[in-house]
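A.B. asks: See coords38.cif below, with mmCIF, C-alpha atoms.
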data_structure
loop_
_atom_site.label_atom_id
_atom_site.label_comp_id
_atom_site.auth_asym_id
_atom_site.auth_seq_id
_atom_site.Cartn_x
_atom_site.Cartn_y
_atom_site.Cartn_z
CA MET L 1026 18.64 28.71 51.33
CA ARG L 1027 17.04 28.99 47.92
CA PHE L 1028 17.33 25.81 45.81
CA LEU L 1029 16.66 25.67 42.09
CA PHE L 1030 16.41 22.24 40.42
CA TYR L 1031 16.66 21.78 36.67
CA THR L 1032 14.90 18.49 36.02
CA HIS L 1033 13.63 16.62 33.00
CA SER L 1034 10.27 16.71 34.77
CA LEU L 1035 8.98 17.00 38.30
CA VAL L 1036 5.36 16.83 37.16
CA SER L 1037 5.67 13.50 35.33
CA ASP L 1038 7.00 10.19 36.59
CA TRP L 1039 6.06 8.40 33.34
CA ASN L 1040 9.20 6.29 32.73
CA HIS L 1041 11.05 8.86 34.82
CA GLY L 1042 12.07 7.63 38.26
CA ASN L 1043 14.20 10.65 39.11
CA ALA L 1044 10.97 12.60 39.71
CA HIS L 1045 10.29 10.36 42.73
CA PHE L 1046 13.50 11.36 44.49
CA LEU L 1047 13.46 15.06 43.63
CA ARG L 1048 9.90 15.42 44.88
CA GLY L 1049 10.93 13.92 48.20
CA VAL L 1050 14.07 16.04 48.48
CA MET L 1051 12.21 19.24 47.66
CA ARG L 1052 9.47 18.48 50.16
CA GLU L 1053 12.06 17.82 52.87
CA LEU L 1054 13.89 21.07 52.07
CA ILE L 1055 10.62 23.00 52.27
CA ARG L 1056 9.74 21.29 55.55
CA ARG L 1057 13.02 22.57 56.98
CA GLY L 1058 12.29 26.14 55.94
CA HIS L 1059 14.29 26.32 52.70
CA GLU L 1060 12.86 27.43 49.36
CA ALA L 1061 12.80 24.92 46.51
CA VAL L 1062 11.64 25.36 42.92
CA ALA L 1063 11.91 23.00 39.96
CA LEU L 1064 12.25 24.04 36.34
CA GLU L 1065 11.46 21.68 33.49
CA PRO L 1066 11.38 22.12 29.70
CA GLY L 1067 8.11 22.73 27.92
CA ASP L 1068 8.83 19.79 25.61
CA SER L 1069 9.61 17.26 28.37
CA TRP L 1070 9.46 13.78 26.82
CA SER L 1071 8.10 12.23 30.01
CA ARG L 1072 5.30 14.76 30.49
CA ARG L 1073 4.29 14.58 26.82
CA ASN L 1074 3.99 10.81 27.09
CA LEU L 1075 2.11 11.06 30.37
CA VAL L 1076 -0.51 13.35 28.84
CA ALA L 1077 -0.76 11.19 25.71
CA ASP L 1078 -1.23 8.09 27.88
CA GLN L 1079 -3.39 9.46 30.69
CA GLY L 1080 -4.71 12.85 29.59
CA ASN L 1081 -4.35 16.21 31.33
CA GLY L 1082 -5.98 14.78 34.44
CA ALA L 1083 -2.65 13.23 35.41
CA VAL L 1084 -1.06 16.70 35.57
CA ALA L 1085 -3.96 17.96 37.68
CA ALA L 1086 -3.50 14.94 39.96
CA PHE L 1087 0.13 15.90 40.50
CA ARG L 1088 -0.94 19.38 41.57
CA LYS L 1089 -3.48 17.92 43.99
CA THR L 1090 -1.07 15.36 45.46
CA PHE L 1091 1.88 17.77 45.80
CA PRO L 1092 0.38 21.23 46.41
CA ASP L 1093 3.57 22.36 48.16
CA LEU L 1094 5.84 21.82 45.15
CA ARG L 1095 6.56 24.76 42.86
CA VAL L 1096 7.27 23.98 39.20
CA GLY L 1097 8.10 26.37 36.37
CA ILE L 1098 8.07 25.51 32.68
CA TYR L 1099 10.72 27.04 30.45
CA GLY L 1100 10.87 27.54 26.71
CA THR L 1101 13.39 29.02 24.30
CA ASP L 1102 12.91 32.58 25.60
CA PHE L 1103 13.23 31.79 29.30
CA GLU L 1104 15.72 33.96 31.24
CA HIS L 1105 17.90 31.28 32.81
CA GLU L 1106 20.50 33.76 34.00
CA ALA L 1107 17.93 35.69 36.00
CA ALA L 1108 16.55 32.52 37.56
CA ALA L 1109 19.97 31.13 38.46
CA ARG L 1110 21.30 34.38 39.88
CA GLU L 1111 18.38 34.56 42.29
CA ALA L 1112 19.23 31.13 43.76
CA ASP L 1113 21.76 30.05 46.35
CA MET L 1114 22.06 26.48 45.01
CA VAL L 1115 21.34 25.29 41.45
CA ILE L 1116 21.22 21.54 40.75
CA VAL L 1117 21.08 20.48 37.10
CA HIS L 1118 19.94 16.98 36.17
CA GLU L 1119 21.86 15.06 33.50
CA TRP L 1120 18.85 14.85 31.15
CA THR L 1121 18.98 18.64 30.77
CA ASP L 1122 19.76 19.82 27.24
CA PRO L 1123 23.56 19.95 26.78
CA ALA L 1124 23.45 23.54 25.52
CA LEU L 1125 21.64 24.62 28.68
CA VAL L 1126 24.06 22.63 30.84
CA ALA L 1127 26.90 24.62 29.27
CA GLU L 1128 25.02 27.94 29.50
CA LEU L 1129 24.44 27.56 33.24
CA GLY L 1130 28.13 26.80 33.69
CA ARG L 1131 29.08 29.96 31.81
CA ILE L 1132 26.70 32.01 33.96
CA ARG L 1133 28.38 30.62 37.05
CA LEU L 1134 31.90 31.33 35.72
CA LYS L 1135 31.14 34.92 34.80
CA GLY L 1136 30.19 35.89 38.31
CA GLY L 1137 27.17 33.89 39.39
CA ARG L 1138 27.10 33.88 43.19
CA PHE L 1139 25.18 30.62 43.40
CA THR L 1140 26.72 27.18 43.88
CA LEU L 1141 26.23 24.96 40.82
CA ALA L 1142 25.98 21.16 40.80
CA PHE L 1143 25.41 18.55 38.11
CA HIS L 1144 23.23 15.58 39.15
CA ASP L 1145 23.59 12.19 37.42
CA THR L 1146 21.06 9.43 38.15
CA HIS L 1147 21.44 7.23 35.08
CA HIS L 1148 23.83 4.80 33.42
CA ARG L 1149 24.69 6.89 30.36
CA ALA L 1150 28.20 7.50 31.72
CA VAL L 1151 28.91 3.87 30.78
CA SER L 1152 26.20 3.06 28.21
CA ALA L 1153 26.38 6.33 26.24
CA GLU L 1154 29.76 7.65 27.30
CA ARG L 1155 30.10 10.15 24.47
CA ASP L 1156 26.89 11.93 25.51
CA ILE L 1157 28.28 12.62 28.97
CA ALA L 1158 31.83 13.31 27.77
CA ARG L 1159 30.54 16.09 25.49
CA LEU L 1160 28.89 17.95 28.38
CA ASP L 1161 30.68 21.13 29.43
CA LEU L 1162 30.94 20.89 33.23
CA SER L 1163 33.86 23.30 33.56
CA GLY L 1164 31.71 25.89 35.35
CA TYR L 1165 30.22 23.46 37.87
CA ASP L 1166 31.34 23.41 41.48
CA PHE L 1167 30.67 19.71 41.89
CA VAL L 1168 28.87 16.62 40.57
CA LEU L 1169 26.35 14.51 42.48
CA ALA L 1170 26.50 10.86 41.34
CA PHE L 1171 23.91 8.38 42.57
CA GLY L 1172 26.43 5.65 43.33
CA GLU L 1173 30.09 5.18 44.14
CA ALA L 1174 30.77 3.31 40.88
CA LEU L 1175 29.36 6.27 38.94
CA ARG L 1176 31.41 8.71 41.01
CA GLU L 1177 34.55 6.75 40.18
CA ARG L 1178 33.64 6.81 36.49
CA TYR L 1179 33.44 10.62 36.57
CA LEU L 1180 36.74 10.89 38.39
CA GLN L 1181 38.51 8.51 36.00
CA ALA L 1182 37.21 10.41 32.98
CA GLY L 1183 38.00 13.82 34.45
CA TRP L 1184 34.40 15.02 34.26
CA GLY L 1185 33.80 17.81 36.76
CA ARG L 1186 35.95 19.40 39.46
CA HIS L 1187 34.67 17.44 42.45
CA VAL L 1188 32.35 14.41 42.53
CA HIS L 1189 30.24 13.28 45.47
CA THR L 1190 28.18 10.12 45.91
CA TRP L 1191 24.54 10.97 46.60
CA HIS L 1192 22.25 7.96 46.51
CA GLU L 1193 18.53 8.10 45.92
CA ALA L 1194 16.24 7.31 48.85
CA ALA L 1195 12.61 6.85 49.90
CA ASP L 1196 10.24 9.72 50.57
CA THR L 1197 8.88 8.22 53.78
CA SER L 1198 6.14 10.82 54.02
CA LEU L 1199 4.59 8.82 51.13
CA PHE L 1200 6.29 5.42 51.33
CA HIS L 1201 5.40 3.72 54.58
CA PRO L 1202 3.53 0.57 55.66
CA MET L 1203 -0.27 0.49 55.36
CA PRO L 1204 -1.18 -2.47 57.57
CA ASP L 1205 -4.93 -1.85 57.39
CA VAL L 1206 -5.11 -2.22 53.60
CA GLU L 1207 -6.66 -5.53 52.55
CA LYS L 1208 -4.51 -7.88 50.49
CA ARG L 1209 -5.99 -8.58 47.07
CA GLY L 1210 -3.02 -10.23 45.39
CA GLU L 1211 0.16 -12.11 46.07
CA LEU L 1212 2.91 -10.74 43.83
CA ILE L 1213 3.38 -7.26 42.37
CA TRP L 1214 6.09 -5.90 40.08
CA ILE L 1215 6.19 -2.16 39.47
CA GLY L 1216 8.69 -1.34 36.76
CA ASN L 1217 8.98 -0.22 33.17
CA TRP L 1218 10.12 -2.46 30.33
CA GLY L 1219 13.44 -0.63 30.12
CA ASP L 1220 14.60 -0.56 26.48
CA ASP L 1221 15.27 -4.32 26.47
CA GLU L 1222 17.83 -3.81 29.25
CA ARG L 1223 16.15 -6.50 31.36
CA SER L 1224 13.70 -8.25 29.01
CA SER L 1225 15.00 -11.78 29.56
CA GLU L 1226 15.33 -11.13 33.29
CA ILE L 1227 11.69 -10.06 33.54
CA MET L 1228 10.70 -13.35 31.97
CA SER L 1229 12.92 -15.56 34.13
CA PHE L 1230 12.58 -13.77 37.46
CA LEU L 1231 8.93 -12.69 37.23
CA VAL L 1232 6.76 -14.16 34.52
CA GLU L 1233 7.89 -17.79 34.69
CA PRO L 1234 7.86 -18.07 38.52
CA ALA L 1235 4.44 -16.40 38.71
CA LYS L 1236 3.10 -18.75 36.07
CA LYS L 1237 4.57 -21.85 37.69
CA LEU L 1238 3.23 -20.97 41.14
CA LYS L 1239 -0.11 -19.69 39.75
CA LEU L 1240 0.21 -16.50 41.76
CA ARG L 1241 -2.27 -13.65 41.63
CA THR L 1242 0.19 -11.24 40.08
CA THR L 1243 -0.01 -7.58 39.05
CA VAL L 1244 2.41 -5.71 36.80
CA ARG L 1245 2.41 -1.92 36.51
CA GLY L 1246 4.68 0.10 34.23
CA VAL L 1247 5.00 1.45 30.71
CA ARG L 1248 6.59 0.72 27.32
CA TYR L 1249 5.83 -3.00 27.34
CA PRO L 1250 5.94 -4.33 23.74
CA GLU L 1251 3.23 -6.63 22.45
CA THR L 1252 5.46 -9.68 22.85
CA ALA L 1253 5.80 -8.93 26.57
CA LEU L 1254 2.08 -8.30 26.96
CA ARG L 1255 1.34 -11.66 25.35
CA ALA L 1256 3.68 -13.34 27.82
CA LEU L 1257 1.91 -11.63 30.73
CA ARG L 1258 -1.48 -12.73 29.44
CA SER L 1259 -0.22 -16.28 28.98
CA ALA L 1260 0.87 -16.33 32.63
CA LYS L 1261 -2.50 -14.85 33.68
CA ILE L 1262 -0.75 -11.77 35.03
CA ASP L 1263 -2.84 -8.62 35.40
CA TYR L 1264 -1.15 -5.75 33.54
CA GLY L 1265 -2.35 -2.29 34.53
CA GLY L 1266 -0.03 0.11 32.69
CA TRP L 1267 1.21 3.35 34.25
CA LEU L 1268 0.72 3.96 37.95
CA ALA L 1269 1.37 7.34 39.56
CA ASN L 1270 4.22 6.98 42.02
CA ALA L 1271 2.12 8.46 44.79
CA ALA L 1272 -0.26 5.49 44.38
CA VAL L 1273 2.51 2.88 44.64
CA PRO L 1274 2.50 2.52 48.46
CA ARG L 1275 -1.12 1.37 48.42
CA ALA L 1276 -0.41 -1.00 45.53
CA PHE L 1277 2.39 -2.55 47.57
CA ALA L 1278 0.11 -2.79 50.59
CA GLU L 1279 -2.45 -4.72 48.54
CA HIS L 1280 0.07 -7.48 47.76
CA ARG L 1281 2.15 -9.87 49.81
CA VAL L 1282 5.52 -9.73 48.05
CA THR L 1283 7.39 -7.82 45.36
CA VAL L 1284 10.51 -8.36 43.27
CA HIS L 1285 13.39 -6.21 42.10
CA ILE L 1286 14.78 -6.75 38.60
CA PRO L 1287 17.69 -4.36 37.94
CA ARG L 1288 18.60 -3.17 34.49
CA ARG L 1289 21.64 -4.88 33.02
CA PRO L 1290 23.95 -1.79 32.93
CA TYR L 1291 23.64 -1.42 36.71
CA VAL L 1292 24.48 -5.07 37.28
CA GLU L 1293 27.40 -5.24 34.85
CA ALA L 1294 28.95 -1.77 34.81
CA LEU L 1295 27.71 0.19 37.84
CA PRO L 1296 27.55 -2.26 40.76
CA GLY L 1297 26.14 -0.96 44.01
CA ILE L 1298 23.34 1.15 42.51
CA PRO L 1299 19.97 -0.47 43.28
CA THR L 1300 17.76 2.32 41.81
CA ILE L 1301 15.01 3.96 43.80
CA ARG L 1302 12.35 1.23 43.79
CA VAL L 1303 14.29 -0.91 46.28
CA PHE L 1304 14.30 1.96 48.78
CA GLU L 1305 10.60 2.62 48.22
CA ALA L 1306 9.52 -1.02 48.48
CA LEU L 1307 11.41 -1.63 51.71
CA ALA L 1308 10.01 1.61 53.14
CA CYS L 1309 6.51 0.23 52.53
CA GLY L 1310 7.18 -2.91 54.54
CA ILE L 1311 6.65 -5.43 51.74
CA PRO L 1312 8.94 -8.48 51.41
CA LEU L 1313 11.34 -8.08 48.50
CA ILE L 1314 13.15 -10.72 46.46
CA SER L 1315 15.80 -9.41 44.09
CA ALA L 1316 17.40 -10.72 40.94
CA PRO L 1317 21.22 -10.59 41.10
CA TRP L 1318 23.02 -7.32 41.79
CA THR L 1319 26.06 -6.47 43.90
CA ASP L 1320 25.54 -4.26 46.94
CA ALA L 1321 29.11 -3.01 46.63
CA GLU L 1322 28.59 -0.13 49.05
CA GLY L 1323 26.84 -2.08 51.80
CA LEU L 1324 23.65 -0.07 51.59
CA PHE L 1325 21.55 -2.98 52.83
CA ARG L 1326 21.84 -6.33 54.57
CA PRO L 1327 21.12 -8.88 51.83
CA GLY L 1328 19.54 -11.98 53.31
CA ARG L 1329 17.99 -9.91 56.09
CA ASP L 1330 16.51 -6.79 54.45
CA PHE L 1331 15.62 -8.70 51.28
CA CYS L 1332 16.35 -12.02 49.58
CA LEU L 1333 18.88 -12.13 46.75
CA VAL L 1334 18.47 -14.97 44.25
CA LYS L 1335 20.72 -16.15 41.43
CA ASP L 1336 18.18 -17.52 38.93
CA GLY L 1337 14.51 -18.10 38.18
CA LYS L 1338 14.48 -21.45 39.95
CA GLU L 1339 15.65 -19.90 43.19
CA MET L 1340 13.18 -17.04 42.72
CA THR L 1341 10.37 -19.58 42.48
CA ARG L 1342 11.53 -21.35 45.64
CA LEU L 1343 11.81 -18.13 47.67
CA LEU L 1344 8.45 -16.82 46.50
CA ARG L 1345 6.84 -20.07 47.60
CA GLN L 1346 8.61 -19.93 50.97
CA LEU L 1347 7.77 -16.29 51.71
CA LEU L 1348 4.11 -16.80 50.90
CA ALA L 1349 3.93 -19.96 53.02
CA GLU L 1350 5.83 -18.61 56.04
CA PRO L 1351 4.34 -15.34 57.35
CA ASP L 1352 6.84 -15.14 60.22
CA PHE L 1353 9.73 -15.25 57.74
CA ALA L 1354 8.09 -12.51 55.68
CA ALA L 1355 7.42 -10.37 58.75
CA GLU L 1356 11.00 -10.66 59.97
CA MET L 1357 12.34 -9.59 56.59
CA THR L 1358 10.01 -6.60 56.24
CA ALA L 1359 10.90 -5.39 59.74
CA SER L 1360 14.61 -5.60 58.92
CA GLY L 1361 14.25 -3.77 55.60
CA LEU L 1362 12.11 -1.06 57.16
CA GLU L 1363 14.66 -0.60 59.95
CA THR L 1364 17.46 -0.07 57.42
CA ILE L 1365 15.47 2.49 55.42
CA ARG L 1366 14.51 4.48 58.49
CA ALA L 1367 18.07 4.42 59.79
CA ARG L 1368 19.93 5.32 56.58
CA HIS L 1369 17.89 5.83 53.42
CA THR L 1370 15.18 8.47 53.66
CA CYS L 1371 15.00 11.78 51.81
CA SER L 1372 15.71 13.41 55.17
CA HIS L 1373 19.07 11.59 55.26
CA ARG L 1374 19.83 12.73 51.71
CA VAL L 1375 19.00 16.35 52.53
CA ASP L 1376 21.40 16.13 55.48
CA GLU L 1377 24.06 14.88 53.07
CA LEU L 1378 23.28 17.54 50.48
CA LEU L 1379 23.44 20.38 52.98
CA ALA L 1380 26.77 19.08 54.29
CA ILE L 1381 28.18 18.98 50.75
CA VAL L 1382 26.92 22.48 49.95
CA ALA L 1383 28.35 23.84 53.22
CA SER L 1384 31.83 22.66 52.17
CA TYR L 1385 31.84 25.14 49.29
CA ARG L 1386 32.14 28.90 49.49
CA PRO L 1387 28.81 30.32 50.73
CA ARG L 1388 26.98 32.72 48.45
CA SER L 1389 24.94 35.70 49.52
CA GLY L 1390 22.67 38.31 48.07
CA ALA L 1391 20.17 35.89 46.50
CA ARG L 1392 16.63 37.09 46.08
CA GLN L 1393 13.38 35.32 45.28
CA ILE L 1394 14.16 32.39 42.95
CA ILE L 1395 11.42 32.97 40.41
CA SER L 1396 9.24 36.04 40.61
CA GLU L 1397 6.48 34.61 38.47
CA GLU L 1398 5.71 30.91 38.36
CA VAL L 1399 4.48 29.44 35.08
CA GLU L 1400 1.51 27.12 35.44
CA VAL L 1401 1.76 23.60 34.01
#
For this file, write the structure as structure tokens.
C.D. replies:
Amino acid sequence: MRFLFYTHSLVSDWNHGNAHFLRGVMRELIRRGHEAVALEPGDSWSRRNLVADQGNGAVAAFRKTFPDLRVGIYGTDFEHEAAAREADMVIVHEWTDPALVAELGRIRLKGGRFTLAFHDTHHRAVSAERDIARLDLSGYDFVLAFGEALRERYLQAGWGRHVHTWHEAADTSLFHPMPDVEKRGELIWIGNWGDDERSSEIMSFLVEPAKKLKLRTTVRGVRYPETALRALRSAKIDYGGWLANAAVPRAFAEHRVTVHIPRRPYVEALPGIPTIRVFEALACGIPLISAPWTDAEGLFRPGRDFCLVKDGKEMTRLLRQLLAEPDFAAEMTASGLETIRARHTCSHRVDELLAIVASYRPRSGARQIISEEVEV
């Protein structure tokens, strides 16, 4: 099959976690003999910020790390109808411009022989409901929602014809244990500031415990305001800014424990959606302690795959225990890794995607997706 992904960016993962998952899915599709191409807008917010922050070398690094991934850049004169009609399956991410979302639906309705899906991996359906409600999904065959609570929100609102739950997962070709890497620190947190959606939680579940225990702690991520940076410096936490997602497995391997601090909308309005970093951390075999969230779908085995704490005091206690008891840490990492390998890899998600696609009317007559790739 020929897959075409409309994404905010595949090249840049600067404050853009969806790139992690799509890279893994595309690589798995290619490994199985399918064709996969991503299209992203020339004015992608994430890529512009990546280049401003890191320079053009970061784009070159993407090309070197993922030589098998094909990416096209589109502008105002791009022929979307030609691209879509040459595909068997078109998947459009929810950060795509609303006018283009509608245009692709119209192309499908007026005779496009491809299957068309809308892919939502964010909390805007509850935090910015009007933005999603205004999208024209009438021409889409189905919606892919990255959690059951989000799927139910779409169904309740009447958005889309059919809605399927399709969780994110770990690309285990990248995210796996590195036992030979020397430990250089104790605690690592890899996460962006998040528009003040978890500012107090970062302080109570990360900064204060690290400061109290005097842990050698590293923080990587972007968009931290000066007030947050001052708090990190006060706790003697090493802040390193953006880190390419492909470099995250080694960063995990260099530390003894990590934490998960979910954004508030996922805790309060979309329970059961852990976001991708939980999958990736467990795939790397690092002990994980999480701030509160509800695993409403039973994706993991809380208490076995990771520790779930209710407040900063309990976080401090569990961090101390994990660092003092290597057998406890080893048992937890083995359990988390077992769950990922059994249920939550990009290979599992491709199985799910292909099963969903097969349930819709097959299309035929597709040609090469994009005859001429645009360099980024």
A.B. asks: Which of these, L:Ala1367, L:Val1244, L:Leu1212, L:Val1115, has the shortest distance to Ala1308 (chain L) once you count all atoms listed in the file?
C.D. replies: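 Closest candidate: L:Ala1367.
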A.B. asks: Apply the PyMOL selection byres ((chain L and resi 1139) around 8) to the file shown and report the selected residues as an MDAnalysis selection string.
C.D. replies: chainID L and resid 1109:1115 1133 1137:1138 1140:1141 1388:1389 1391
A.B. asks: Can you translate the PyMOL selection byres ((chain L and resi 1314) around 10) into the concrete residues it hits in this file, as a PyMOL selection string?
C.D. replies: chain L and resi 1230+1282-1286+1303+1311-1313+1315-1317+1327-1328+1330-1334+1340+1343-1344+1347
A.B. asks: Using only C-alpha atoms, which residue out of L:Asp1166, L:Val1292, L:Gly1361, L:Glu1060 lies closest to Leu1324 (chain L)?
C.D. replies: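 Residue with the minimum atom-to-atom distance to Leu1324 (chain L): L:Gly1361.
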A.B. asks: Could you list, as a ChimeraX atom specification, every residue within 7 Å of Arg1245 (chain L), counting all atoms listed in the file and ignoring same-chain residues fewer than 5 positions away?
C.D. replies: /L:1214-1216,1264-1268
A.B. asks: Around region 1124-1141 of chain L, fit a box with edges along x, y and z, padding it by 4 Å on each side, then list its centre and edge lengths in Å to one decimal as JSON.
C.D. replies:
{"center_x": 26.8, "center_y": 29.3, "center_z": 34.7, "size_x": 18.3, "size_y": 21.3, "size_z": 26.4}
A.B. asks: Can you work out the spacing between CA of Ser1259 (chain L) and CA of Gly1210 (chain L) in Å, to one decimal?
C.D. replies: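 Separation of CA of Ser1259 (chain L) and CA of Gly1210 (chain L): 17.7 Å.
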A.B. asks: Could you jot down the CA of Val1206 (chain L) to CA of Arg1275 (chain L) separation for me, Å, one decimal place?
C.D. replies: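 Atom-to-atom, CA of Val1206 (chain L) and CA of Arg1275 (chain L) are spaced 7.5 Å apart.
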A.B. asks: Would you translate the PyMOL selection byres ((chain L and resi 1260) around 8) into the concrete set of residues it matches in this file, as a list in words?
C.D. replies: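 When the PyMOL selection byres ((chain L and resi 1260) around 8) is applied to the shown file, the picked residues are Val1232, Glu1233, Ala1235, Lys1236, Lys1239, Ala1256, Leu1257, Arg1258, Ser1259, Lys1261 and Ile1262 of chain L.
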A.B. asks: Could I get the residues of region 1045-1079 of chain L with an atom no further than 10 Å from an atom of region 1084-1094 of chain L, each paired with its nearest atom pair and that distance in Å to one decimal, using all atoms listed in the file, sorted by chain and residue number, as JSON lines?
C.D. replies:
{"residue": "L:Arg1048", "atom": "CA", "partner": "L:Leu1094", "partner_atom": "CA", "distance": 7.6}
{"residue": "L:Gly1049", "atom": "CA", "partner": "L:Leu1094", "partner_atom": "CA", "distance": 9.9}
{"residue": "L:Met1051", "atom": "CA", "partner": "L:Leu1094", "partner_atom": "CA", "distance": 7.3}
{"residue": "L:Arg1052", "atom": "CA", "partner": "L:Leu1094", "partner_atom": "CA", "distance": 7.0}
{"residue": "L:Ile1055", "atom": "CA", "partner": "L:Asp1093", "partner_atom": "CA", "distance": 8.2}
{"residue": "L:Arg1056", "atom": "CA", "partner": "L:Asp1093", "partner_atom": "CA", "distance": 9.7}
{"residue": "L:Glu1060", "atom": "CA", "partner": "L:Leu1094", "partner_atom": "CA", "distance": 9.9}
{"residue": "L:Ala1061", "atom": "CA", "partner": "L:Leu1094", "partner_atom": "CA", "distance": 7.7}
{"residue": "L:Val1062", "atom": "CA", "partner": "L:Leu1094", "partner_atom": "CA", "distance": 7.2}
{"residue": "L:Ala1063", "atom": "CA", "partner": "L:Leu1094", "partner_atom": "CA", "distance": 8.1}
{"residue": "L:Arg1072", "atom": "CA", "partner": "L:Val1084", "partner_atom": "CA", "distance": 8.4}
{"residue": "L:Leu1075", "atom": "CA", "partner": "L:Val1084", "partner_atom": "CA", "distance": 8.3}
{"residue": "L:Val1076", "atom": "CA", "partner": "L:Val1084", "partner_atom": "CA", "distance": 7.5}
{"residue": "L:Gln1079", "atom": "CA", "partner": "L:Val1084", "partner_atom": "CA", "distance": 9.0}
A.B. asks: From the options L:Met1228, L:Ala1083, L:Ile1157, L:Val1117, which residue's atoms come nearest to Thr1252 (chain L), counting only C-alpha atoms?
C.D. replies: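 Among L:Met1228, L:Ala1083, L:Ile1157, L:Val1117, it is L:Met1228 that comes nearest to Thr1252 (chain L).
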A.B. asks: Which residue is closest to Thr1319 (chain L)? Choose from L:Arg1289, L:Arg1159, L:Lys1208, L:His1280 and count all atoms listed in the file.
C.D. replies: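 Checking each candidate against Thr1319 (chain L), we get L:Arg1289 as the closest.
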A.B. asks: Please compute the CA of Leu1162 (chain L)-CA of Glu1177 (chain L) distance, one decimal, in Å.
C.D. replies: 16.2 Å
A.B. asks: Find the residue from L:Glu1106, L:Glu1211, L:Glu1154, L:Asp1161 that sits nearest to Lys1135 (chain L); use all atoms listed in the file when measuring.
C.D. replies: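 Of the candidates, the smallest distance to Lys1135 (chain L) is held by L:Glu1106.
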A.B. asks: Taking (1.6, 7.5, 51.2) in the file's own coordinates, collect the residues within 6 Å, counting all atoms listed in the file, and hand them back as number ranges by chain.
C.D. replies: L: 1199-1200, 1274
A.B. asks: Kindly indicate which residue among L:Trp1070, L:Phe1325, L:Phe1353, L:Phe1277 lies nearest to His1201 (chain L), using only C-alpha atoms for the distances.
C.D. replies: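 Looking only at the distances to His1201 (chain L), the closest residue turns out to be L:Phe1277.
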A.B. asks: As a PDB file with C-alpha atoms, in the coordinates of the input, please: the residues near Glu1104 (chain L) (cut-off 12 Å, only C-alpha atoms, same-chain neighbours under 2 positions excluded).
C.D. replies:
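Final output, saved to selection-v3.pdb:
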ATOM      1  CA  LEU L1064      12.250  24.040  36.340  1.00  0.00           C
ATOM      2  CA  GLY L1097       8.100  26.370  36.370  1.00  0.00           C
ATOM      3  CA  ILE L1098       8.070  25.510  32.680  1.00  0.00           C
ATOM      4  CA  TYR L1099      10.720  27.040  30.450  1.00  0.00           C
ATOM      5  CA  GLY L1100      10.870  27.540  26.710  1.00  0.00           C
ATOM      6  CA  THR L1101      13.390  29.020  24.300  1.00  0.00           C
ATOM      7  CA  ASP L1102      12.910  32.580  25.600  1.00  0.00           C
ATOM      8  CA  GLU L1106      20.500  33.760  34.000  1.00  0.00           C
ATOM      9  CA  ALA L1107      17.930  35.690  36.000  1.00  0.00           C
ATOM     10  CA  ALA L1108      16.550  32.520  37.560  1.00  0.00           C
ATOM     11  CA  ALA L1109      19.970  31.130  38.460  1.00  0.00           C
ATOM     12  CA  ARG L1110      21.300  34.380  39.880  1.00  0.00           C
ATOM     13  CA  GLU L1111      18.380  34.560  42.290  1.00  0.00           C
ATOM     14  CA  LEU L1125      21.640  24.620  28.680  1.00  0.00           C
ATOM     15  CA  GLU L1128      25.020  27.940  29.500  1.00  0.00           C
ATOM     16  CA  LEU L1129      24.440  27.560  33.240  1.00  0.00           C
ATOM     17  CA  ILE L1132      26.700  32.010  33.960  1.00  0.00           C
ATOM     18  CA  ILE L1394      14.160  32.390  42.950  1.00  0.00           C
ATOM     19  CA  ILE L1395      11.420  32.970  40.410  1.00  0.00           C
ATOM     20  CA  SER L1396       9.240  36.040  40.610  1.00  0.00           C
ATOM     21  CA  GLU L1397       6.480  34.610  38.470  1.00  0.00           C
TER      22      GLU L1397
END
A.B. asks: Need to verify the contact set: Pro1204 (chain L), 10 Å, only C-alpha atoms, exclusion of same-chain residues closer than 6 positions in sequence. Can you return it as a list in words?
C.D. replies: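 Contacts, with the query itself left out: Arg1275, Ala1278, Glu1279, Cys1309 and Gly1310 of chain L.
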A.B. asks: With 9 Å as the cut-off and all atoms listed in the file counted, what is the closest atom pair between each nearby residue of region 1114-1228 of chain L and region 1373-1380 of chain L? Distances in Å to one decimal, ordered by chain and number, as a Markdown table.
C.D. replies:
| residue | atom | partner | partner_atom | distance |
| --- | --- | --- | --- | --- |
| L:Trp1191 | CA | L:Arg1374 | CA | 7.2 |
| L:His1192 | CA | L:Arg1374 | CA | 7.5 |
| L:Glu1193 | CA | L:Arg1374 | CA | 7.5 |
| L:Ala1194 | CA | L:Arg1374 | CA | 7.1 |
